[in-house]
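Chemist: One file is attached below, model_35.cif, containing mmCIF, C-alpha atoms.
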data_protein
#
loop_
_atom_site.label_atom_id
_atom_site.label_comp_id
_atom_site.auth_asym_id
_atom_site.auth_seq_id
_atom_site.Cartn_x
_atom_site.Cartn_y
_atom_site.Cartn_z
CA MET A 1 -21.65 4.23 11.81
CA ARG A 2 -20.17 0.84 10.93
CA LYS A 3 -18.89 -1.17 13.88
CA PRO A 4 -15.10 -1.76 13.65
CA PHE A 5 -13.61 -5.26 13.65
CA SER A 6 -10.64 -6.36 15.69
CA LEU A 7 -7.58 -7.62 13.82
CA ALA A 8 -7.80 -11.08 15.42
CA ALA A 9 -11.52 -11.45 14.68
CA LEU A 10 -11.05 -10.33 11.09
CA ASN A 11 -8.17 -12.73 10.48
CA LEU A 12 -10.04 -15.60 12.12
CA ALA A 13 -13.05 -14.89 9.93
CA LEU A 14 -10.79 -14.85 6.87
CA VAL A 15 -9.31 -18.24 7.83
CA ILE A 16 -12.75 -19.81 8.26
CA LEU A 17 -14.04 -18.21 5.07
CA SER A 18 -11.00 -19.43 3.15
CA LEU A 19 -11.55 -22.99 4.36
CA LEU A 20 -15.23 -22.87 3.46
CA ILE A 21 -14.43 -21.57 -0.01
CA PHE A 22 -11.79 -24.29 -0.37
CA ALA A 23 -14.33 -26.93 0.68
CA LEU A 24 -16.92 -25.63 -1.80
CA VAL A 25 -14.43 -25.50 -4.67
CA LEU A 26 -13.09 -28.94 -3.80
CA SER A 27 -16.60 -30.39 -3.63
CA PHE A 28 -17.49 -28.75 -6.96
CA PHE A 29 -14.48 -30.17 -8.76
CA LEU A 30 -14.77 -33.58 -7.09
CA SER A 31 -18.42 -33.79 -8.08
CA PHE A 32 -17.82 -32.95 -11.73
CA GLY A 33 -14.55 -34.87 -11.79
CA LEU A 34 -16.12 -38.04 -10.39
CA ASP A 35 -19.06 -37.79 -12.79
CA ALA A 36 -16.70 -37.39 -15.74
CA ALA A 37 -14.51 -40.28 -14.52
CA GLN A 38 -17.54 -42.54 -14.01
CA ALA A 39 -18.91 -41.65 -17.45
CA SER A 40 -15.53 -42.40 -19.06
CA TRP A 41 -15.28 -45.68 -17.15
CA HIS A 42 -18.79 -46.68 -18.15
CA ALA A 43 -18.16 -45.91 -21.83
CA LYS A 44 -14.97 -48.01 -21.90
CA GLU A 45 -16.56 -50.92 -20.04
CA GLU A 46 -19.61 -50.81 -22.28
CA ALA A 47 -17.45 -50.79 -25.42
CA SER A 48 -15.46 -53.76 -24.11
CA LEU A 49 -18.64 -55.69 -23.31
CA ASN A 50 -20.10 -55.00 -26.76
CA ALA A 51 -16.86 -56.13 -28.42
CA TYR A 52 -16.88 -59.31 -26.32
CA ILE A 53 -20.49 -60.16 -27.27
CA VAL A 54 -19.88 -59.59 -30.99
CA ALA A 55 -16.64 -61.60 -30.92
CA GLN A 56 -18.37 -64.52 -29.17
CA LEU A 57 -21.20 -64.60 -31.70
CA LEU A 58 -18.99 -64.35 -34.80
CA ASP A 59 -16.30 -66.76 -33.58
CA ALA A 60 -18.84 -69.47 -32.63
CA GLN A 61 -19.98 -72.24 -34.98
CA GLN A 62 -22.82 -70.94 -37.14
CA PRO A 63 -25.67 -70.76 -36.66
CA VAL A 64 -25.69 -70.11 -32.88
CA THR A 65 -28.48 -71.92 -31.09
CA ALA A 66 -29.98 -71.31 -27.66
CA ASP A 67 -27.82 -74.05 -26.18
CA THR A 68 -24.70 -72.67 -27.85
CA ALA A 69 -25.53 -69.13 -26.62
CA SER A 70 -25.88 -70.36 -23.05
CA THR A 71 -22.38 -71.76 -23.30
CA LEU A 72 -20.98 -68.64 -24.99
CA PHE A 73 -22.37 -66.25 -22.42
CA GLY A 74 -22.26 -68.51 -19.38
CA SER A 75 -19.46 -66.44 -17.86
CA LEU A 76 -19.45 -62.77 -18.81
CA PRO A 77 -16.39 -60.59 -18.05
CA TYR A 78 -18.75 -57.82 -16.93
CA ALA A 79 -22.01 -58.02 -15.03
CA PRO A 80 -24.68 -56.22 -17.13
CA THR A 81 -28.14 -55.40 -15.89
CA TYR A 82 -29.53 -57.44 -18.72
CA LEU A 83 -28.44 -59.16 -21.95
CA TYR A 84 -30.77 -60.46 -24.64
CA VAL A 85 -29.61 -62.18 -27.85
CA THR A 86 -31.85 -63.09 -30.80
CA ASP A 87 -31.25 -64.46 -34.25
CA SER A 88 -31.94 -62.46 -37.39
CA LEU A 89 -35.64 -63.41 -37.24
CA GLY A 90 -36.04 -62.20 -33.65
CA GLN A 91 -36.09 -65.61 -31.99
CA LEU A 92 -34.62 -65.32 -28.48
CA LEU A 93 -31.43 -67.31 -28.11
CA TYR A 94 -30.18 -66.04 -24.74
CA SER A 95 -31.48 -63.88 -21.87
CA TYR A 96 -29.75 -62.53 -18.80
CA ARG A 97 -31.44 -60.29 -16.23
CA LYS A 98 -29.76 -59.28 -13.03
CA ALA A 99 -28.49 -62.47 -11.41
CA GLU A 100 -30.79 -64.81 -13.42
CA ARG A 101 -29.29 -66.62 -16.43
CA GLY A 102 -30.98 -68.90 -18.94
CA ALA A 103 -31.90 -69.50 -22.57
CA GLY A 104 -35.40 -69.51 -23.90
CA ARG A 105 -38.33 -67.37 -24.90
CA GLY A 106 -39.43 -65.52 -21.80
CA ARG A 107 -43.07 -64.47 -21.76
CA GLY A 108 -42.17 -60.90 -21.05
CA LEU A 109 -40.07 -60.78 -24.16
CA GLN A 110 -42.71 -62.51 -26.26
CA PHE A 111 -45.34 -59.97 -25.18
CA GLY A 112 -43.51 -56.78 -25.97
CA LEU A 113 -40.50 -56.43 -23.74
CA VAL A 114 -38.24 -57.06 -26.68
CA GLU A 115 -39.68 -54.13 -28.60
CA ASN A 116 -38.87 -51.65 -25.77
CA LEU A 117 -35.12 -52.35 -25.76
CA THR A 118 -32.33 -50.80 -27.80
CA TRP A 119 -31.10 -53.48 -30.16
CA LEU A 120 -27.68 -53.70 -31.73
CA GLU A 121 -27.01 -55.76 -34.86
CA VAL A 122 -24.30 -58.33 -35.55
CA LYS A 123 -23.51 -58.75 -39.26
CA SER A 124 -21.23 -61.01 -41.20
CA GLY A 125 -18.30 -59.81 -43.22
CA SER A 126 -20.56 -59.55 -46.28
CA GLY A 127 -23.06 -57.42 -44.40
CA GLU A 128 -25.62 -60.13 -43.77
CA LEU A 129 -27.64 -59.69 -40.54
CA LEU A 130 -26.90 -62.60 -38.28
CA TYR A 131 -27.97 -61.63 -34.74
CA ARG A 132 -29.35 -58.85 -32.61
CA TYR A 133 -28.62 -58.19 -28.96
CA ALA A 134 -29.66 -55.70 -26.26
CA VAL A 135 -27.41 -55.08 -23.31
CA ASN A 136 -27.29 -52.60 -20.44
CA LEU A 137 -24.22 -52.12 -18.24
CA PRO A 138 -24.93 -50.47 -14.85
CA THR A 139 -23.05 -47.26 -14.04
CA PHE A 140 -20.18 -47.28 -11.55
CA SER A 141 -22.32 -45.95 -8.73
CA GLU A 142 -25.15 -48.41 -9.47
CA MET A 143 -22.91 -51.31 -8.52
CA GLU A 144 -23.42 -52.14 -4.88
CA GLY A 145 -19.75 -52.35 -3.95
CA ASN A 146 -18.88 -49.18 -5.79
CA ALA A 147 -21.82 -47.31 -4.26
CA SER A 148 -20.57 -48.25 -0.79
CA LEU A 149 -17.08 -47.10 -1.75
CA LEU A 150 -18.34 -43.69 -2.95
CA ALA A 151 -20.49 -43.23 0.15
CA ALA A 152 -17.52 -44.07 2.40
CA ALA A 153 -15.28 -41.65 0.44
CA LYS A 154 -17.82 -38.84 0.84
CA ARG A 155 -18.09 -39.50 4.57
CA ILE A 156 -14.29 -39.46 4.91
CA LEU A 157 -14.06 -36.23 2.90
CA ILE A 158 -16.72 -34.48 4.99
CA ARG A 159 -15.07 -35.61 8.23
CA ALA A 160 -11.64 -34.51 6.96
CA LEU A 161 -12.99 -31.06 6.05
CA LEU A 162 -14.68 -30.69 9.44
CA ILE A 163 -11.51 -31.73 11.25
CA ALA A 164 -9.44 -29.37 9.07
CA LEU A 165 -11.86 -26.54 9.85
CA ILE A 166 -11.67 -27.17 13.59
CA VAL A 167 -7.88 -27.58 13.65
CA SER A 168 -7.30 -24.56 11.41
CA THR A 169 -9.62 -22.40 13.50
CA LEU A 170 -7.86 -23.49 16.69
CA LEU A 171 -4.39 -22.88 15.22
CA ALA A 172 -5.48 -19.51 13.80
CA PHE A 173 -6.84 -18.52 17.20
CA LEU A 174 -3.63 -19.60 18.97
CA PHE A 175 -1.51 -17.81 16.35
CA LEU A 176 -3.57 -14.63 16.33
CA LYS A 177 -3.86 -14.36 20.11
CA PRO A 178 -0.28 -13.01 20.59
CA LEU A 179 -0.73 -10.79 17.52
CA LYS A 180 -3.86 -9.36 19.09
CA LYS A 181 -1.93 -8.73 22.30
CA GLN A 182 0.88 -7.02 20.41
CA SER A 183 -1.50 -4.84 18.40
CA ARG A 184 -3.35 -3.92 21.61
CA ASN A 185 -0.06 -2.96 23.29
CA LEU A 186 0.90 -0.78 20.31
CA ALA A 187 -2.52 0.85 20.29
CA GLN A 188 -2.29 1.55 24.02
CA ALA A 189 1.19 3.03 23.58
CA LEU A 190 -0.07 5.34 20.82
CA ASP A 191 -3.05 6.33 22.97
CA ARG A 192 -0.70 7.25 25.82
CA MET A 193 1.37 9.34 23.41
CA ALA A 194 -1.80 11.04 22.20
CA GLY A 195 -2.64 11.72 25.84
CA GLY A 196 0.58 13.67 26.32
CA GLU A 197 3.05 11.05 27.62
CA ARG A 198 6.48 11.31 26.01
CA ASN A 199 8.39 8.46 27.68
CA VAL A 200 6.28 5.53 26.54
CA ALA A 201 8.26 2.31 26.03
CA VAL A 202 7.41 0.74 22.65
CA GLU A 203 8.74 -2.80 22.32
CA SER A 204 10.00 -4.23 19.04
CA LYS A 205 8.20 -7.32 17.80
CA HIS A 206 9.22 -10.24 15.60
CA VAL A 207 6.38 -9.50 13.19
CA VAL A 208 7.75 -7.18 10.50
CA GLU A 209 4.63 -5.01 10.25
CA PHE A 210 4.42 -4.52 14.03
CA ASP A 211 8.14 -3.78 14.17
CA VAL A 212 7.68 -1.09 11.50
CA ILE A 213 4.81 0.43 13.49
CA ALA A 214 6.86 0.28 16.70
CA ASN A 215 9.82 2.05 15.05
CA ALA A 216 7.48 4.66 13.60
CA ALA A 217 5.92 5.18 17.03
CA ARG A 218 9.32 5.68 18.64
CA THR A 219 10.29 8.13 15.90
CA LEU A 220 7.00 9.94 16.36
CA GLN A 221 7.56 10.16 20.10
CA GLU A 222 11.04 11.63 19.65
CA THR A 223 9.70 14.05 17.05
CA LEU A 224 6.93 15.15 19.39
CA LYS A 225 9.48 15.68 22.16
CA GLY A 226 11.56 17.85 19.87
CA GLU A 227 8.54 19.77 18.58
CA GLU A 228 7.25 20.42 22.08
CA LYS A 229 10.68 21.57 23.24
CA LEU A 230 10.92 23.82 20.20
CA ARG A 231 7.40 25.10 20.76
CA ARG A 232 8.19 25.97 24.37
CA GLN A 233 11.38 27.72 23.29
CA TRP A 234 9.47 29.45 20.52
CA ALA A 235 6.80 30.61 22.93
CA GLU A 236 9.46 31.95 25.28
CA ASP A 237 11.33 33.68 22.45
CA ILE A 238 8.23 35.20 20.88
CA ALA A 239 7.04 36.40 24.29
CA HIS A 240 10.46 37.95 24.90
CA ASP A 241 10.65 39.53 21.43
CA LEU A 242 7.12 40.89 21.68
CA ARG A 243 7.54 41.99 25.27
CA THR A 244 10.60 44.16 24.54
CA PRO A 245 9.04 46.57 22.00
CA VAL A 246 5.71 46.55 23.86
CA SER A 247 7.46 47.36 27.16
CA VAL A 248 9.44 50.16 25.51
CA LEU A 249 6.32 51.59 23.94
CA LYS A 250 4.38 51.30 27.17
CA GLY A 251 7.16 52.83 29.28
CA GLN A 252 7.75 55.71 26.88
CA LEU A 253 4.04 56.49 26.53
CA GLU A 254 3.48 56.34 30.30
CA ALA A 255 6.48 58.60 30.91
CA VAL A 256 5.25 61.07 28.29
CA GLY A 257 1.74 60.93 29.74
CA ASP A 258 3.07 61.53 33.26
CA LYS A 259 5.16 64.48 32.00
CA VAL A 260 8.29 62.67 33.14
CA LEU A 261 9.74 62.70 29.63
CA PRO A 262 9.17 65.35 27.01
CA PHE A 263 7.34 64.40 23.84
CA ASN A 264 9.79 65.59 21.20
CA GLU A 265 11.02 64.44 17.79
CA GLU A 266 13.66 62.16 19.28
CA ARG A 267 11.00 60.43 21.42
CA LEU A 268 8.74 60.08 18.39
CA VAL A 269 11.52 58.41 16.36
CA LEU A 270 12.16 55.92 19.19
CA LEU A 271 8.47 55.04 19.39
CA GLN A 272 8.33 54.61 15.63
CA GLN A 273 11.35 52.29 15.65
CA GLU A 274 9.80 50.04 18.28
CA THR A 275 6.51 50.04 16.39
CA VAL A 276 8.31 49.03 13.18
CA ARG A 277 10.14 46.27 15.04
CA LEU A 278 6.88 44.96 16.47
CA GLN A 279 5.17 45.19 13.08
CA SER A 280 8.07 43.34 11.40
CA LEU A 281 7.82 40.46 13.87
CA ILE A 282 4.05 40.18 13.43
CA ASP A 283 4.39 40.31 9.62
CA SER A 284 7.04 37.59 9.68
CA LEU A 285 4.83 35.31 11.76
CA ALA A 286 1.90 35.93 9.42
CA LEU A 287 4.03 35.20 6.34
CA LEU A 288 5.45 32.00 7.81
CA THR A 289 1.95 30.80 8.71
CA LYS A 290 0.82 31.52 5.13
CA LEU A 291 3.83 29.74 3.60
CA GLU A 292 3.21 26.62 5.68
CA SER A 293 -0.46 26.48 4.71
CA PRO A 294 -1.38 23.58 2.38
CA ASP A 295 -3.53 26.04 0.39
CA LEU A 296 -0.52 28.15 -0.65
CA VAL A 297 -0.36 28.76 -4.41
CA VAL A 298 3.02 29.75 -5.88
CA HIS A 299 2.67 32.01 -8.94
CA THR A 300 5.87 31.56 -10.93
CA SER A 301 7.27 33.75 -13.67
CA GLU A 302 10.54 33.90 -15.58
CA ILE A 303 13.27 35.90 -13.80
CA HIS A 304 16.55 37.08 -15.39
CA LEU A 305 18.99 36.71 -12.54
CA LYS A 306 21.58 39.27 -13.71
CA PRO A 307 19.30 42.37 -13.70
CA PHE A 308 17.38 41.00 -10.72
CA LEU A 309 20.51 40.70 -8.57
CA HIS A 310 21.92 44.09 -9.64
CA THR A 311 18.70 45.80 -8.60
CA PHE A 312 18.40 43.64 -5.49
CA VAL A 313 21.83 44.38 -3.97
CA GLN A 314 21.34 48.14 -4.23
CA ARG A 315 18.96 47.85 -1.26
CA PHE A 316 21.81 46.43 0.87
CA GLU A 317 24.67 48.69 -0.21
CA ALA A 318 24.21 51.13 2.65
CA GLU A 319 24.07 48.33 5.22
CA ALA A 320 27.17 46.70 3.69
CA VAL A 321 29.10 50.01 3.67
CA LYS A 322 28.46 50.44 7.42
CA ARG A 323 30.43 47.22 8.01
CA ASP A 324 32.95 47.92 5.25
CA MET A 325 31.69 44.90 3.28
CA HIS A 326 31.50 44.47 -0.48
CA ILE A 327 28.94 42.41 -2.43
CA GLN A 328 30.22 40.64 -5.58
CA LEU A 329 27.84 39.46 -8.31
CA PRO A 330 28.37 37.18 -11.33
CA SER A 331 28.70 38.81 -14.73
CA ASP A 332 26.65 36.34 -16.77
CA ASP A 333 22.87 35.74 -16.81
CA ALA A 334 20.50 32.82 -16.26
CA LEU A 335 16.77 32.23 -16.21
CA LEU A 336 14.79 31.07 -13.20
CA ASP A 337 11.11 30.18 -12.84
CA ALA A 338 9.99 31.42 -9.42
CA ASP A 339 7.45 33.50 -7.57
CA GLN A 340 9.30 36.82 -7.73
CA GLN A 341 7.85 38.21 -4.50
CA LEU A 342 8.68 35.09 -2.47
CA PHE A 343 12.09 34.64 -4.11
CA THR A 344 12.92 38.27 -3.31
CA ARG A 345 11.95 37.74 0.34
CA ALA A 346 14.15 34.64 0.60
CA MET A 347 17.11 36.47 -0.94
CA GLU A 348 16.54 39.43 1.40
CA ASN A 349 16.71 37.22 4.46
CA LEU A 350 19.85 35.40 3.26
CA MET A 351 21.62 38.61 2.24
CA SER A 352 20.65 40.37 5.47
CA ASN A 353 22.09 37.47 7.51
CA ALA A 354 25.27 37.42 5.42
CA ILE A 355 25.89 41.12 6.09
CA LYS A 356 24.76 41.08 9.72
CA TYR A 357 26.76 38.00 10.82
CA GLY A 358 29.65 38.10 8.33
CA LEU A 359 33.05 39.47 9.28
CA GLU A 360 33.66 43.18 8.86
CA HIS A 361 35.91 44.32 6.00
CA SER A 362 34.99 41.17 4.04
CA ILE A 363 33.25 40.16 0.80
CA VAL A 364 29.81 38.66 0.31
CA GLN A 365 29.95 36.51 -2.84
CA VAL A 366 26.82 35.67 -4.88
CA ARG A 367 27.19 32.86 -7.45
CA PHE A 368 24.86 30.76 -9.57
CA THR A 369 25.20 27.84 -11.99
CA SER A 370 23.18 27.14 -15.12
CA ASN A 371 22.78 24.43 -17.75
CA ALA A 372 23.30 24.57 -21.51
CA GLU A 373 19.89 26.24 -21.96
CA LYS A 374 20.89 28.98 -19.50
CA ARG A 375 18.38 27.75 -16.93
CA ALA A 376 19.56 28.32 -13.36
CA GLU A 377 20.40 25.15 -11.44
CA SER A 378 21.70 26.61 -8.17
CA LEU A 379 22.41 29.93 -6.43
CA SER A 380 24.68 30.49 -3.44
CA ILE A 381 25.47 33.36 -1.06
CA GLU A 382 28.81 33.11 0.73
CA ASN A 383 30.16 35.30 3.51
CA GLU A 384 33.28 35.18 5.63
CA GLY A 385 32.51 33.97 9.12
CA THR A 386 31.19 30.73 10.58
CA ILE A 387 28.17 29.39 12.43
CA GLU A 388 28.75 27.41 15.61
CA GLU A 389 28.56 23.69 14.79
CA SER A 390 26.06 22.88 17.56
CA TYR A 391 23.60 25.36 16.06
CA LEU A 392 23.66 24.03 12.48
CA PRO A 393 21.01 21.26 13.02
CA ARG A 394 18.57 23.91 14.35
CA LEU A 395 19.46 26.58 11.84
CA PHE A 396 16.08 26.62 10.10
CA ASP A 397 13.94 26.13 13.22
CA ARG A 398 11.42 28.82 14.10
CA LEU A 399 12.70 31.56 16.38
CA SER A 400 15.98 29.76 16.72
CA ARG A 401 19.04 31.98 17.00
CA GLY A 402 22.67 31.31 17.70
CA GLU A 403 24.64 33.09 20.33
CA ALA A 404 25.57 35.88 17.90
CA GLY A 405 21.96 36.28 16.90
CA ARG A 406 20.70 36.58 20.46
CA SER A 407 22.77 39.68 21.04
CA SER A 408 21.25 41.43 18.01
CA GLN A 409 17.78 42.43 17.02
CA GLY A 410 15.78 39.93 15.00
CA SER A 411 12.90 37.56 15.34
CA GLY A 412 14.70 34.33 14.49
CA LEU A 413 12.14 33.70 11.74
CA GLY A 414 14.27 34.71 8.75
CA LEU A 415 15.75 31.33 7.87
CA SER A 416 12.48 29.56 8.72
CA ILE A 417 10.80 31.75 6.11
CA VAL A 418 13.58 30.99 3.61
CA LYS A 419 13.14 27.25 4.07
CA ALA A 420 9.35 27.53 3.75
CA ILE A 421 9.73 29.49 0.48
CA VAL A 422 12.21 26.90 -0.82
CA GLN A 423 9.85 24.04 0.03
CA ALA A 424 6.91 25.85 -1.56
CA HIS A 425 8.90 25.96 -4.83
CA ARG A 426 9.98 22.30 -4.37
CA TRP A 427 13.63 23.38 -4.25
CA THR A 428 16.25 22.42 -1.68
CA ILE A 429 18.59 24.49 0.49
CA GLU A 430 21.98 23.51 1.89
CA VAL A 431 24.37 25.25 4.28
CA GLU A 432 28.10 24.76 4.79
CA SER A 433 30.12 26.53 7.45
CA ASN A 434 33.88 26.00 7.61
CA THR A 435 36.11 29.03 7.15
CA THR A 436 33.17 30.65 5.35
CA THR A 437 29.42 30.19 5.49
CA THR A 438 27.58 29.33 2.26
CA PHE A 439 23.84 29.00 1.73
CA THR A 440 23.02 27.21 -1.55
CA LEU A 441 19.59 27.05 -3.20
CA ARG A 442 19.23 24.16 -5.64
CA PHE A 443 16.48 24.53 -8.23
CA THR A 444 16.67 21.06 -9.81
#
Would you kindly transcribe this structure into C-alpha cells?
Modeler:
Amino acid sequence: MRKPFSLAALNLALVILSLLIFALVLSFFLSFGLDAAQASWHAKEEASLNAYIVAQLLDAQQPVTADTASTLFGSLPYAPTYLYVTDSLGQLLYSYRKAERGAGRGRGLQFGLVENLTWLEVKSGSGELLYRYAVNLPTFSEMEGNASLLAAAKRILIRALLIALIVSTLLAFLFLKPLKKQSRNLAQALDRMAGGERNVAVESKHVVEFDVIANAARTLQETLKGEEKLRRQWAEDIAHDLRTPVSVLKGQLEAVGDKVLPFNEERLVLLQQETVRLQSLIDSLALLTKLESPDLVVHTSEIHLKPFLHTFVQRFEAEAVKRDMHIQLPSDDALLDADQQLFTRAMENLMSNAIKYGLEHSIVQVRFTSNAEKRAESLSIENEGTIEESYLPRLFDRLSRGEAGRSSQGSGLGLSIVKAIVQAHRWTIEVESNTTTTFTLRFT
C-alpha cells in the first residue's frame, strides 16, 4: 500500500521541484544562448579583422615591404592570437604571435610552420595575387578578461539560484503551514462527524477550496442530523405499524387458543385483514428498498394513456363511491414511455391518497398535457382538500404522515414509493396545496 503524502509536504515538494526545473531550463538556454552569442560575436569580429587587414594591404603603397607592414599592422583594432603576412612568393613580411610583434622570417615559419596555417589571399582588382595572410582571432571566452567575466556571471547565477531556492522553500513552508493547520482542522472535524458527533463547529476559511469543503461539511452535518431524526422517527413508526397487526394477531390467536373467544368466520376475517395489512407493509418496504437500489433496471414500453386510465380508475370506483366522490378523466390520448408495472403502482398510490384524504362529495380530476407528436409531457391528479403547510417539506419522506394520515391506516410509504419510481424514470414530481391539492408528474 502506497504511503500517503500530506498536503503541505506535497506542495513544498512541488515548489522545490519547480525551482529545480526552472534552474535546469534556465541553465540549458543560457548555455546554448551564450554559445550562440559568442559564436556570432566571434564571426563578426573575425570578419572585421579580415576586412581591416585587406584594406591596409591594398591601400598601402605597392609593393608592401617588411618595414611597411610593421607600420601598417603596428596597432591592430583587435588582438589576434597570431597574424602572418607574406607576399605572393611566400616571403614573410609581418608576423604577430600573442603579445610579440615584429617583421622578419622567423625560423619556425621557414621550417614548416607556414605550411600548417590557413592562408587567405589578397588580390588586386584585376585578380592578380598580391599577398597572403593567416590570422586567428581568439574566441570570447579565450580572452582573459572575458573568461573572468563569464566565470563571475556563472558564480552569481549559481548563488542567485541557491538563494532563490532557500527563500522560496522558506516562504512556501511559512505559507503552507497555516494551510496544513486548516486542512488538519477540517479533517478532524470530518472524523468527529464520522464518529457520530453532530454539533461539530466547522470554521470558514479565506482559502476558497477550504471554504467550499467547510460549507459542504456543514451541509453534510445538517443532512446527517435530519436523516438520523428521520431514521429514528421511521424506526418508531415502523415498529408501531408492525406492532399493531402483530399484537392483534397474537391476541386473537391466544384468545382462540385459550377458548376465550370462539374461532368463527368473523374471527377468521379479522385475522386475515391484519395479515393482509402486515403483508402490505412488508411488501411496500421491500419495493422501496428495490427502487432505491443502484442496480434497478427500468423496462419501459409505450403506454396509451386514455385506455390505461379508463381501465385503471375502475379499480377505485368502489372506494370513490363510498365517499361520494367522482373521478374525471381527459377525453383525448397521449403516449408515454414508462415501466407499466411501476407507473401503475405510482398512480395507485396517488389515486388512493386523493380519494382517502380528499373531501367527501368532491371530484378527483386527472389531466395530462402532450406535445405536437402526442407524447405526454405531464400528468396531474387533483383533489379537493389541502395538506397542512408544515408537512409539505416532509411529504415524500419515508413513513412520514400528516395528522390526517396518522388517524387512518397506512404505512406512510406510499409517496416515498411514488418519488422513487419517478426518480427511477428520471422524471420529476411537484405538489401544490392551496384550495385543492395537485400532484404533477413531469416527463420531460
Chemist: What is the atom CA of A:Leu26-atom CA of A:Phe175 distance in Å, reported with one decimal?
Modeler: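 Separation of atom CA of A:Leu26 and atom CA of A:Phe175: 25.8 Å.
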Chemist: For stretch 382-385 of chain A, list every protein, DNA or RNA residue within 10 Å, evaluated using all atoms listed in the file, and leave out those in the same chain fewer than 6 positions away; present the list as a list in words.
Modeler: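 Contacts, with the query itself left out: Met325, Ile327, Gln328, Leu350, Met351, Asn353, Ala354, Ile355, Tyr357, Gly358, Leu359, Glu360, His361, Ser362, Ile363, Val364, Gln365, Val366, Arg367, Val431, Glu432, Ser433, Asn434, Thr435, Thr436, Thr437, Thr438, Phe439 and Thr440 of chain A.
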Chemist: Applied to the shown file, which residues does the PyMOL selection byres ((chain A and resi 342) around 12) return, written as a ChimeraX atom specification?
Modeler: /A:287-288,290-291,296-301,337-341,343-349,417-425
Chemist: For A:Ala216, which of A:Ser204, A:Ser88, A:Thr275, A:Thr444 is the closest residue, counting all atoms listed in the file?
Modeler: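 Nearest candidate to A:Ala216 out of A:Ser204, A:Ser88, A:Thr275, A:Thr444: A:Ser204.
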Chemist: Separation of atom CA of A:Thr139 and atom CA of A:Tyr78, in Å?
Modeler: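 Separation between atom CA of A:Thr139 and atom CA of A:Tyr78: 11.8 Å.
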Chemist: Between atom CA of A:Asp67 and atom CA of A:Gly127, measure the distance and give it in Å to one decimal.
Modeler: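 Distance between the two atoms: 25.1 Å.
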Chemist: Taking the file as shown, what set of residues would the PyMOL selection byres ((chain A and resi 75) around 12) give back, as a PyMOL selection string?
Modeler: chain A and resi 52-53+56+69-74+76-80+96+99+101-102
Chemist: Produce a file of the selected residues containing C-alpha atoms, as a short mmCIF file (atom, residue, chain, number, x, y, z; two decimals), in the coordinates of the input.
Modeler:
data_model
loop_
_atom_site.label_atom_id
_atom_site.label_comp_id
_atom_site.auth_asym_id
_atom_site.auth_seq_id
_atom_site.Cartn_x
_atom_site.Cartn_y
_atom_site.Cartn_z
CA TYR A 52 -16.88 -59.31 -26.32
CA ILE A 53 -20.49 -60.16 -27.27
CA GLN A 56 -18.37 -64.52 -29.17
CA ALA A 69 -25.53 -69.13 -26.62
CA SER A 70 -25.88 -70.36 -23.05
CA THR A 71 -22.38 -71.76 -23.30
CA LEU A 72 -20.98 -68.64 -24.99
CA PHE A 73 -22.37 -66.25 -22.42
CA GLY A 74 -22.26 -68.51 -19.38
CA LEU A 76 -19.45 -62.77 -18.81
CA PRO A 77 -16.39 -60.59 -18.05
CA TYR A 78 -18.75 -57.82 -16.93
CA ALA A 79 -22.01 -58.02 -15.03
CA PRO A 80 -24.68 -56.22 -17.13
CA TYR A 96 -29.75 -62.53 -18.80
CA ALA A 99 -28.49 -62.47 -11.41
CA ARG A 101 -29.29 -66.62 -16.43
CA GLY A 102 -30.98 -68.90 -18.94
#
Chemist: Taking into account all atoms listed in the file, which residue in the set A:Glu197, A:Glu274, A:Glu388, A:Glu209 is nearest to A:Val248?
Modeler: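 Result for the nearest residue to A:Val248: A:Glu274.
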Chemist: Write out as a VMD selection string each polymer residue whose atoms come within 10 Å of A:Leu19, counting all atoms listed in the file; drop sequence neighbours fewer than 6 positions from it.
Modeler: chain A and resid 13 25 161 to 162 164 to 165 168 to 169
Chemist: Calculate, to one decimal in Å, the centre and edge lengths of the box along x, y and z of the file that holds all listed atoms of stretch 136-151 of chain A with 4 Å of margin on each side, and present them as lines of an AutoDock Vina configuration file.
Modeler:
center_x = -22.2
center_y = -47.9
center_z = -10.1
size_x = 18.2
size_y = 17.4
size_z = 28.6
Chemist: Would you mind telling me which residue in A:Ala286, A:Val207, A:Leu278, A:Val313 lies nearest to A:Pro178 when using all atoms listed in the file?
Modeler: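 For A:Pro178, the nearest of the candidates is A:Val207.
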Chemist: Can you list, as a JSON list (two decimals) with C-alpha atoms, in the coordinates of the input, the residues that the PyMOL selection byres ((chain A and resi 31-47) around 9) selects here?
Modeler:
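Output (out.json):
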[["chain", "number", "residue", "atom", "x", "y", "z"],
["A", 26, "LEU", "CA", -13.09, -28.94, -3.80],
["A", 27, "SER", "CA", -16.60, -30.39, -3.63],
["A", 28, "PHE", "CA", -17.49, -28.75, -6.96],
["A", 29, "PHE", "CA", -14.48, -30.17, -8.76],
["A", 30, "LEU", "CA", -14.77, -33.58, -7.09],
["A", 48, "SER", "CA", -15.46, -53.76, -24.11],
["A", 49, "LEU", "CA", -18.64, -55.69, -23.31],
["A", 50, "ASN", "CA", -20.10, -55.00, -26.76],
["A", 51, "ALA", "CA", -16.86, -56.13, -28.42],
["A", 52, "TYR", "CA", -16.88, -59.31, -26.32],
["A", 78, "TYR", "CA", -18.75, -57.82, -16.93],
["A", 135, "VAL", "CA", -27.41, -55.08, -23.31],
["A", 136, "ASN", "CA", -27.29, -52.60, -20.44],
["A", 137, "LEU", "CA", -24.22, -52.12, -18.24],
["A", 138, "PRO", "CA", -24.93, -50.47, -14.85],
["A", 139, "THR", "CA", -23.05, -47.26, -14.04],
["A", 140, "PHE", "CA", -20.18, -47.28, -11.55],
["A", 141, "SER", "CA", -22.32, -45.95, -8.73]]
Chemist: Is it possible to get the residues within 8 Å of (7.5, 1.7, 20.7) (coordinates as in the file, counting all atoms listed in the file) written as a list in words?
Modeler: Leu186, Ala189, Val200, Ala201, Val202, Glu203, Ser204, Ile213, Ala214, Asn215, Ala216, Ala217 and Arg218 of chain A
